[in-house]
>>> print(open('data.csv').read())   # CSV, C-alpha atoms
chain,number,residue,atom,x,y,z
A,1,TYR,CA,-11.4,-2.6,11.4
A,2,LYS,CA,-12.3,-6.3,11.2
A,3,GLY,CA,-9.0,-7.2,12.8
A,4,ALA,CA,-6.7,-5.0,10.8
A,5,ILE,CA,-5.0,-1.8,11.9
A,6,ILE,CA,-6.2,1.0,9.6
A,7,ARG,CA,-4.8,4.1,11.4
A,8,GLY,CA,-2.0,5.1,13.7
A,9,ASP,CA,-1.9,7.7,16.5
A,10,THR,CA,-4.2,10.6,15.5
A,11,THR,CA,-2.5,12.9,18.0
A,12,ARG,CA,0.9,12.8,16.3
A,13,ARG,CA,1.6,14.7,13.1
A,14,GLN,CA,2.9,11.8,11.1
A,15,LEU,CA,1.6,9.5,8.4
A,16,ALA,CA,2.8,6.6,6.3
A,17,LEU,CA,2.7,6.6,2.5
A,18,VAL,CA,2.0,3.0,1.4
A,19,PHE,CA,2.6,1.9,-2.2
A,20,THR,CA,1.3,-1.5,-3.5
A,21,GLY,CA,2.4,-3.4,-6.6
A,22,HIS,CA,1.6,-6.6,-8.4
A,23,ALA,CA,1.7,-6.5,-12.3
A,24,TYR,CA,2.8,-2.9,-12.6
A,25,GLY,CA,5.9,-1.2,-11.1
A,26,GLU,CA,7.0,1.4,-13.6
A,27,GLY,CA,6.4,4.2,-11.1
A,28,VAL,CA,9.1,3.2,-8.6
A,29,PRO,CA,11.9,5.3,-10.0
A,30,ALA,CA,9.8,8.4,-10.0
A,31,ILE,CA,8.5,7.6,-6.5
A,32,LEU,CA,12.0,7.1,-5.2
A,33,GLN,CA,13.1,10.4,-6.7
A,34,ALA,CA,10.3,12.3,-5.1
A,35,LEU,CA,10.9,10.6,-1.7
A,36,ARG,CA,14.6,11.5,-1.9
A,37,GLN,CA,13.8,15.1,-2.9
A,38,TYR,CA,11.6,15.6,0.2
A,39,ASN,CA,13.7,13.3,2.5
A,40,ALA,CA,10.7,11.1,3.2
A,41,THR,CA,10.4,7.4,3.9
A,42,ALA,CA,7.6,5.1,2.7
A,43,SER,CA,6.4,1.5,2.7
A,44,PHE,CA,6.1,-0.8,-0.3
A,45,PHE,CA,3.9,-3.9,-0.2
A,46,PHE,CA,4.5,-6.2,-3.2
A,47,THR,CA,3.2,-9.5,-4.3
A,48,GLY,CA,5.4,-12.6,-4.8
A,49,ASP,CA,4.9,-12.1,-8.6
A,50,PHE,CA,6.3,-8.6,-8.2
A,51,TYR,CA,9.3,-9.7,-6.2
A,52,ARG,CA,10.0,-12.5,-8.8
A,53,ASN,CA,9.7,-10.1,-11.8
A,54,ARG,CA,13.3,-9.7,-13.0
A,55,ALA,CA,12.5,-6.3,-14.5
A,56,PHE,CA,11.6,-5.0,-10.9
A,57,ALA,CA,14.7,-6.4,-9.2
A,58,PRO,CA,16.7,-3.1,-9.5
A,59,TYR,CA,13.7,-1.3,-8.0
A,60,ILE,CA,13.7,-3.6,-5.0
A,61,ARG,CA,17.4,-3.2,-4.4
A,62,ASN,CA,17.1,0.6,-4.7
A,63,LEU,CA,14.2,0.7,-2.2
A,64,ARG,CA,16.1,-1.4,0.3
A,65,GLN,CA,19.2,0.7,0.0
A,66,ALA,CA,17.2,3.9,0.5
A,67,GLY,CA,15.8,2.5,3.8
A,68,HIS,CA,12.2,2.1,2.8
A,69,TYR,CA,10.0,-0.6,4.3
A,70,LEU,CA,9.3,-3.6,2.1
A,71,GLY,CA,6.4,-5.9,2.8
A,72,ALA,CA,4.0,-8.6,1.7
A,73,HIS,CA,0.8,-8.2,-0.4
A,74,SER,CA,0.1,-11.9,-1.1
A,75,ASP,CA,1.8,-14.1,-3.6
A,76,LYS,CA,-0.7,-14.2,-6.5
A,77,HIS,CA,-3.0,-11.2,-5.6
A,78,LEU,CA,-5.9,-13.5,-4.7
A,79,LEU,CA,-9.3,-12.2,-3.9
A,80,TYR,CA,-9.9,-13.6,-0.4
A,81,CYS,CA,-13.6,-12.8,0.1
A,82,ASP,CA,-16.7,-12.0,-2.0
A,83,TRP,CA,-17.0,-8.3,-3.0
A,84,ASN,CA,-20.8,-8.3,-2.3
A,85,ASN,CA,-20.7,-10.7,0.7
A,86,ARG,CA,-17.6,-9.9,2.7
A,87,ASP,CA,-18.2,-12.8,5.1
A,88,SER,CA,-18.1,-15.3,2.2
A,89,LEU,CA,-14.5,-16.6,1.9
A,90,LEU,CA,-13.1,-17.5,-1.5
A,91,VAL,CA,-10.0,-19.3,-0.2
A,92,THR,CA,-9.4,-22.0,2.4
A,93,ARG,CA,-7.1,-21.4,5.3
A,94,GLN,CA,-4.6,-23.8,3.6
A,95,GLN,CA,-4.7,-21.8,0.4
A,96,PHE,CA,-4.3,-18.5,2.3
A,97,VAL,CA,-1.3,-19.8,4.3
A,98,ALA,CA,0.4,-21.2,1.2
A,99,ASP,CA,-0.1,-18.0,-0.7
A,100,VAL,CA,1.3,-15.8,2.1
A,101,GLN,CA,4.3,-18.1,2.7
A,102,ASN,CA,5.2,-18.1,-1.0
A,103,ASN,CA,5.1,-14.3,-0.9
A,104,TYR,CA,7.6,-14.3,1.9
A,105,LYS,CA,9.8,-16.8,0.2
A,106,ALA,CA,10.0,-14.5,-2.9
A,107,MET,CA,10.8,-11.6,-0.5
A,108,ASP,CA,13.6,-13.6,1.2
A,109,ARG,CA,15.2,-14.3,-2.2
A,110,MET,CA,15.3,-10.5,-2.7
A,111,GLY,CA,17.0,-9.9,0.6
A,112,VAL,CA,13.9,-9.1,2.7
A,113,PRO,CA,13.7,-11.6,5.6
A,114,ALA,CA,10.3,-12.3,7.2
A,115,ALA,CA,11.5,-10.9,10.5
A,116,ALA,CA,11.9,-7.5,8.8
A,117,ALA,CA,8.4,-7.5,7.4
A,118,PRO,CA,5.8,-8.2,10.1
A,119,TYR,CA,3.0,-6.2,8.5
A,120,PHE,CA,0.7,-7.8,5.8
A,121,LEU,CA,-1.4,-5.7,3.5
A,122,PRO,CA,-4.2,-7.9,1.9
A,123,PRO,CA,-4.6,-8.0,-1.9
A,124,PHE,CA,-7.3,-5.7,-3.2
A,125,GLU,CA,-7.2,-4.2,0.3
A,126,TRP,CA,-10.2,-6.6,0.9
A,127,TYR,CA,-10.4,-9.1,3.8
A,128,ASN,CA,-12.6,-10.2,6.7
A,129,ASP,CA,-12.1,-11.2,10.3
A,130,SER,CA,-11.2,-14.8,9.3
A,131,ILE,CA,-8.3,-13.4,7.2
A,132,ALA,CA,-7.2,-11.2,10.1
A,133,ALA,CA,-7.2,-14.2,12.4
A,134,TRP,CA,-5.3,-16.4,10.0
A,135,THR,CA,-2.8,-13.6,9.6
A,136,ARG,CA,-2.3,-13.3,13.4
A,137,GLN,CA,-1.8,-17.1,13.5
A,138,LEU,CA,1.1,-16.7,11.1
A,139,GLY,CA,2.7,-14.1,13.5
A,140,LEU,CA,1.9,-11.2,11.2
A,141,GLN,CA,-0.2,-8.1,11.7
A,142,LEU,CA,-2.9,-7.3,9.1
A,143,ILE,CA,-3.1,-3.6,8.1
A,144,ASN,CA,-5.2,-1.7,5.6
A,145,TYR,CA,-5.3,1.9,4.3
A,146,THR,CA,-7.1,4.6,6.2
A,147,PRO,CA,-10.5,5.4,4.6
A,148,GLY,CA,-11.6,8.9,3.8
A,149,THR,CA,-9.6,10.0,0.7
A,150,SER,CA,-9.7,8.5,-2.8
A,151,SER,CA,-5.9,8.0,-3.0
A,152,ALA,CA,-6.3,4.3,-3.6
A,153,ALA,CA,-8.2,5.0,-6.8
A,154,ASP,CA,-5.0,6.2,-8.5
A,155,TYR,CA,-5.0,2.8,-10.4
A,156,THR,CA,-8.2,3.6,-12.3
A,157,THR,CA,-8.5,4.2,-16.0
A,158,PRO,CA,-11.0,6.3,-18.0
A,159,ALA,CA,-12.8,3.1,-19.1
A,160,LEU,CA,-13.7,2.3,-15.5
A,161,PRO,CA,-16.9,3.7,-13.9
A,162,ASN,CA,-14.9,4.5,-10.8
A,163,TYR,CA,-12.2,6.5,-12.6
A,164,ILE,CA,-10.8,9.5,-10.7
A,165,SER,CA,-8.2,11.8,-12.2
A,166,SER,CA,-5.0,12.5,-10.3
A,167,ASP,CA,-5.9,16.2,-10.0
A,168,SER,CA,-9.1,15.1,-8.2
A,169,ILE,CA,-7.3,12.7,-6.0
A,170,LEU,CA,-4.7,15.3,-4.9
A,171,ALA,CA,-7.4,17.9,-4.2
A,172,GLY,CA,-9.4,15.3,-2.2
A,173,ILE,CA,-6.4,14.4,0.0
A,174,LEU,CA,-5.6,18.0,0.7
A,175,ARG,CA,-9.3,18.9,1.3
A,176,TYR,CA,-9.6,16.0,3.8
A,177,GLU,CA,-6.5,17.2,5.6
A,178,ALA,CA,-7.7,20.8,5.8
A,179,THR,CA,-11.3,20.0,7.0
A,180,ARG,CA,-10.8,17.2,9.6
A,181,PRO,CA,-9.8,18.0,13.2
A,182,ALA,CA,-6.9,15.4,13.2
A,183,GLY,CA,-6.1,16.0,9.5
A,184,LEU,CA,-4.0,13.1,8.2
A,185,ASN,CA,-2.5,12.3,11.6
A,186,GLY,CA,-1.8,8.6,11.8
A,187,PHE,CA,-2.9,8.0,8.2
A,188,LEU,CA,-1.9,5.0,6.1
A,189,LEU,CA,-2.2,6.7,2.7
A,190,LEU,CA,-2.3,4.2,-0.1
A,191,LEU,CA,-1.1,4.7,-3.7
A,192,HIS,CA,0.1,2.3,-6.4
A,193,ALA,CA,3.7,1.7,-7.5
A,194,GLY,CA,2.6,1.3,-11.1
A,195,VAL,CA,-0.6,1.6,-13.1
A,196,ASP,CA,-2.2,0.4,-16.3
A,197,PRO,CA,-0.8,2.2,-19.3
A,198,GLN,CA,-4.4,3.3,-20.1
A,199,ARG,CA,-4.3,5.7,-17.2
A,200,PRO,CA,-3.4,9.1,-18.8
A,201,ASP,CA,-2.1,10.8,-15.6
A,202,PRO,CA,-0.2,8.5,-13.2
A,203,PHE,CA,-0.2,10.1,-9.8
A,204,TYR,CA,3.5,9.4,-9.2
A,205,HIS,CA,4.6,11.7,-12.0
A,206,LYS,CA,3.6,15.3,-11.2
A,207,HIS,CA,1.2,14.9,-8.3
A,208,LEU,CA,3.3,13.0,-5.7
A,209,PRO,CA,6.0,15.7,-5.5
A,210,VAL,CA,3.2,18.3,-5.0
A,211,LEU,CA,1.6,16.2,-2.2
A,212,LEU,CA,5.0,15.6,-0.5
A,213,GLN,CA,5.8,19.3,-0.6
A,214,ALA,CA,2.3,20.2,0.8
A,215,LEU,CA,2.6,17.7,3.6
A,216,GLN,CA,6.0,18.9,4.6
A,217,GLN,CA,4.9,22.5,4.6
A,218,LYS,CA,2.0,21.5,7.0
A,219,GLY,CA,4.5,19.9,9.4
A,220,TYR,CA,3.9,16.2,8.7
A,221,GLN,CA,6.6,13.7,9.2
A,222,LEU,CA,6.5,10.9,6.6
A,223,VAL,CA,7.5,7.6,8.3
A,224,THR,CA,7.4,3.9,7.6
A,225,VAL,CA,4.5,1.7,8.7
A,226,PRO,CA,6.5,0.1,11.6
A,227,ALA,CA,7.4,3.6,12.8
A,228,LEU,CA,3.8,4.8,12.5
A,229,LEU,CA,2.4,1.8,14.3
A,230,ALA,CA,5.0,1.4,17.0
A,231,GLY,CA,3.2,0.6,20.2
A,232,HIS,CA,0.0,-0.7,18.6
>>> encode(input="data.csv", output="structure tokens")
Amino acid sequence: YKGAIIRGDTTRRQLALVFTGHAYGEGVPAILQALRQYNATASFFFTGDFYRNRAFAPYIRNLRQAGHYLGAHSDKHLLYCDWNNRDSLLVTRQQFVADVQNNYKAMDRMGVPAAAAPYFLPPFEWYNDSIAAWTRQLGLQLINYTPGTSSAADYTTPALPNYISSDSILAGILRYEATRPAGLNGFLLLLHAGVDPQRPDPFYHKHLPVLLQALQQKGYQLVTVPALLAGH
């Protein structure tokens, strides 16, 4: 969509769990534990600020050692285009390129070389065809989450008008899976690696293990983004 890959092969029973992180990352240990318990791999897209955060350094090491995919999510979590007018860019190409390159420099310092991270997930999951073109010119492939579920709302807090509880998010994912012909085949299912402390029910605590168990029972293979999109 608009130059980004938003879904893999809908005929294969596999999906990619995608976790993003910028200011918050406290969920990584619980996420790692759940993935280990269900023998699943996932993909983590972090900002340069996240990679530079010393408190998160052990998380990055543990994710690497466990074989999960580590990718880029911009350096400073910039908003690239207007929320109301998507075609209206808020950054120049020069600003965009510098921001992405700084993200990759921070990754490289944490042992994640650019060659190992060809997929780029835009900040706020918001972009347009110009961003997609600029991403391609950097030799990277823009991706975004597959629409249809409310998984990406797991960052919301009760003070926000778009707040959705983790119970509702989990129910929505499983309802989508059960009612669509292709289920979650090829899905890029996006969640967050950490959330505002004001959120009373972080998804990664109790709901992620339930989701993983349900997906396994339904025969899904949980793979990294490169494995899911191989051949695209």
>>> closest_residue(input="data.csv", among="A:Asn185, A:Gln14, A:Asn62, A:Thr92", to="A:Ala30", atoms="all atoms listed in the file")
A:Asn62
>>> closest_residue(input="data.csv", among="A:Gln101, A:Gln141, A:Ser74, A:Thr47", to="A:Ile5", atoms="only C-alpha atoms")
A:Gln141
>>> closest_residue(input="data.csv", among="A:Arg86, A:Asn102, A:Gln198, A:Leu138", to="A:Lys2", atoms="all atoms listed in the file")
A:Arg86
>>> residues_around(input="data.csv", residues="A:Ala106", least_positions_apart="2", cutoff="9 Å", atoms="only C-alpha atoms", output="PyMOL selection string")
chain A and resi 47-52+75+101-104+108-110+112
>>> residues_around(input="data.csv", residues="stretch 211-228 of chain A", least_positions_apart="2", cutoff="10 Å", atoms="all atoms listed in the file", output="PDB file with C-alpha atoms, keeping the file's coordinate frame")
ATOM      1  CA  ARG A   7      -4.800   4.100  11.400  1.00  0.00           C
ATOM      2  CA  GLY A   8      -2.000   5.100  13.700  1.00  0.00           C
ATOM      3  CA  ASP A   9      -1.900   7.700  16.500  1.00  0.00           C
ATOM      4  CA  ARG A  12       0.900  12.800  16.300  1.00  0.00           C
ATOM      5  CA  ARG A  13       1.600  14.700  13.100  1.00  0.00           C
ATOM      6  CA  GLN A  14       2.900  11.800  11.100  1.00  0.00           C
ATOM      7  CA  LEU A  15       1.600   9.500   8.400  1.00  0.00           C
ATOM      8  CA  ALA A  16       2.800   6.600   6.300  1.00  0.00           C
ATOM      9  CA  LEU A  17       2.700   6.600   2.500  1.00  0.00           C
ATOM     10  CA  VAL A  18       2.000   3.000   1.400  1.00  0.00           C
ATOM     11  CA  ALA A  34      10.300  12.300  -5.100  1.00  0.00           C
ATOM     12  CA  LEU A  35      10.900  10.600  -1.700  1.00  0.00           C
ATOM     13  CA  GLN A  37      13.800  15.100  -2.900  1.00  0.00           C
ATOM     14  CA  TYR A  38      11.600  15.600   0.200  1.00  0.00           C
ATOM     15  CA  ASN A  39      13.700  13.300   2.500  1.00  0.00           C
ATOM     16  CA  ALA A  40      10.700  11.100   3.200  1.00  0.00           C
ATOM     17  CA  THR A  41      10.400   7.400   3.900  1.00  0.00           C
ATOM     18  CA  ALA A  42       7.600   5.100   2.700  1.00  0.00           C
ATOM     19  CA  SER A  43       6.400   1.500   2.700  1.00  0.00           C
ATOM     20  CA  PHE A  44       6.100  -0.800  -0.300  1.00  0.00           C
ATOM     21  CA  GLY A  67      15.800   2.500   3.800  1.00  0.00           C
ATOM     22  CA  HIS A  68      12.200   2.100   2.800  1.00  0.00           C
ATOM     23  CA  TYR A  69      10.000  -0.600   4.300  1.00  0.00           C
ATOM     24  CA  LEU A  70       9.300  -3.600   2.100  1.00  0.00           C
ATOM     25  CA  GLY A  71       6.400  -5.900   2.800  1.00  0.00           C
ATOM     26  CA  ALA A 116      11.900  -7.500   8.800  1.00  0.00           C
ATOM     27  CA  ALA A 117       8.400  -7.500   7.400  1.00  0.00           C
ATOM     28  CA  PRO A 118       5.800  -8.200  10.100  1.00  0.00           C
ATOM     29  CA  TYR A 119       3.000  -6.200   8.500  1.00  0.00           C
ATOM     30  CA  ILE A 143      -3.100  -3.600   8.100  1.00  0.00           C
ATOM     31  CA  LEU A 170      -4.700  15.300  -4.900  1.00  0.00           C
ATOM     32  CA  ALA A 171      -7.400  17.900  -4.200  1.00  0.00           C
ATOM     33  CA  ILE A 173      -6.400  14.400   0.000  1.00  0.00           C
ATOM     34  CA  LEU A 174      -5.600  18.000   0.700  1.00  0.00           C
ATOM     35  CA  GLU A 177      -6.500  17.200   5.600  1.00  0.00           C
ATOM     36  CA  ALA A 178      -7.700  20.800   5.800  1.00  0.00           C
ATOM     37  CA  LEU A 184      -4.000  13.100   8.200  1.00  0.00           C
ATOM     38  CA  ASN A 185      -2.500  12.300  11.600  1.00  0.00           C
ATOM     39  CA  GLY A 186      -1.800   8.600  11.800  1.00  0.00           C
ATOM     40  CA  PHE A 187      -2.900   8.000   8.200  1.00  0.00           C
ATOM     41  CA  LEU A 188      -1.900   5.000   6.100  1.00  0.00           C
ATOM     42  CA  PHE A 203      -0.200  10.100  -9.800  1.00  0.00           C
ATOM     43  CA  TYR A 204       3.500   9.400  -9.200  1.00  0.00           C
ATOM     44  CA  LYS A 206       3.600  15.300 -11.200  1.00  0.00           C
ATOM     45  CA  HIS A 207       1.200  14.900  -8.300  1.00  0.00           C
ATOM     46  CA  LEU A 208       3.300  13.000  -5.700  1.00  0.00           C
ATOM     47  CA  PRO A 209       6.000  15.700  -5.500  1.00  0.00           C
ATOM     48  CA  ALA A 230       5.000   1.400  17.000  1.00  0.00           C
ATOM     49  CA  GLY A 231       3.200   0.600  20.200  1.00  0.00           C
ATOM     50  CA  HIS A 232       0.000  -0.700  18.600  1.00  0.00           C
TER      51      HIS A 232
END
>>> residues_around(input="data.csv", residues="stretch 78-82 of chain A", least_positions_apart="5", cutoff="10 Å", atoms="all atoms listed in the file", output="PyMOL selection string")
chain A and resi 47+73+87-92+95-96+99+122-128+130-131
>>> write_last_selection(input="data.csv", atoms="C-alpha atoms", output="PDB file, keeping the file's coordinate frame")
ATOM      1  CA  THR A  47       3.200  -9.500  -4.300  1.00  0.00           C
ATOM      2  CA  HIS A  73       0.800  -8.200  -0.400  1.00  0.00           C
ATOM      3  CA  ASP A  87     -18.200 -12.800   5.100  1.00  0.00           C
ATOM      4  CA  SER A  88     -18.100 -15.300   2.200  1.00  0.00           C
ATOM      5  CA  LEU A  89     -14.500 -16.600   1.900  1.00  0.00           C
ATOM      6  CA  LEU A  90     -13.100 -17.500  -1.500  1.00  0.00           C
ATOM      7  CA  VAL A  91     -10.000 -19.300  -0.200  1.00  0.00           C
ATOM      8  CA  THR A  92      -9.400 -22.000   2.400  1.00  0.00           C
ATOM      9  CA  GLN A  95      -4.700 -21.800   0.400  1.00  0.00           C
ATOM     10  CA  PHE A  96      -4.300 -18.500   2.300  1.00  0.00           C
ATOM     11  CA  ASP A  99      -0.100 -18.000  -0.700  1.00  0.00           C
ATOM     12  CA  PRO A 122      -4.200  -7.900   1.900  1.00  0.00           C
ATOM     13  CA  PRO A 123      -4.600  -8.000  -1.900  1.00  0.00           C
ATOM     14  CA  PHE A 124      -7.300  -5.700  -3.200  1.00  0.00           C
ATOM     15  CA  GLU A 125      -7.200  -4.200   0.300  1.00  0.00           C
ATOM     16  CA  TRP A 126     -10.200  -6.600   0.900  1.00  0.00           C
ATOM     17  CA  TYR A 127     -10.400  -9.100   3.800  1.00  0.00           C
ATOM     18  CA  ASN A 128     -12.600 -10.200   6.700  1.00  0.00           C
ATOM     19  CA  SER A 130     -11.200 -14.800   9.300  1.00  0.00           C
ATOM     20  CA  ILE A 131      -8.300 -13.400   7.200  1.00  0.00           C
TER      21      ILE A 131
END
>>> atom_distance(input="data.csv", atom1="atom CA of A:Gly3", atom2="atom CA of A:Arg136")
9.1 Å
>>> atom_distance(input="data.csv", atom1="atom CA of A:Leu190", atom2="atom CA of A:Ala152")
5.3 Å
>>> residues_near_point(input="data.csv", point="(13.4, 3.0, -8.3)", cutoff="7 Å", atoms="all atoms listed in the file", output="list in words")
Val28, Pro29, Ala30, Ile31, Leu32, Tyr59, Asn62 and Leu63 of chain A
>>> closest_residue(input="data.csv", among="A:Thr11, A:Thr179, A:Gln137, A:Ser151", to="A:Asp167", atoms="only C-alpha atoms")
A:Ser151
>>> atom_distance(input="data.csv", atom1="atom CA of A:Arg180", atom2="atom CA of A:Arg36")
28.5 Å
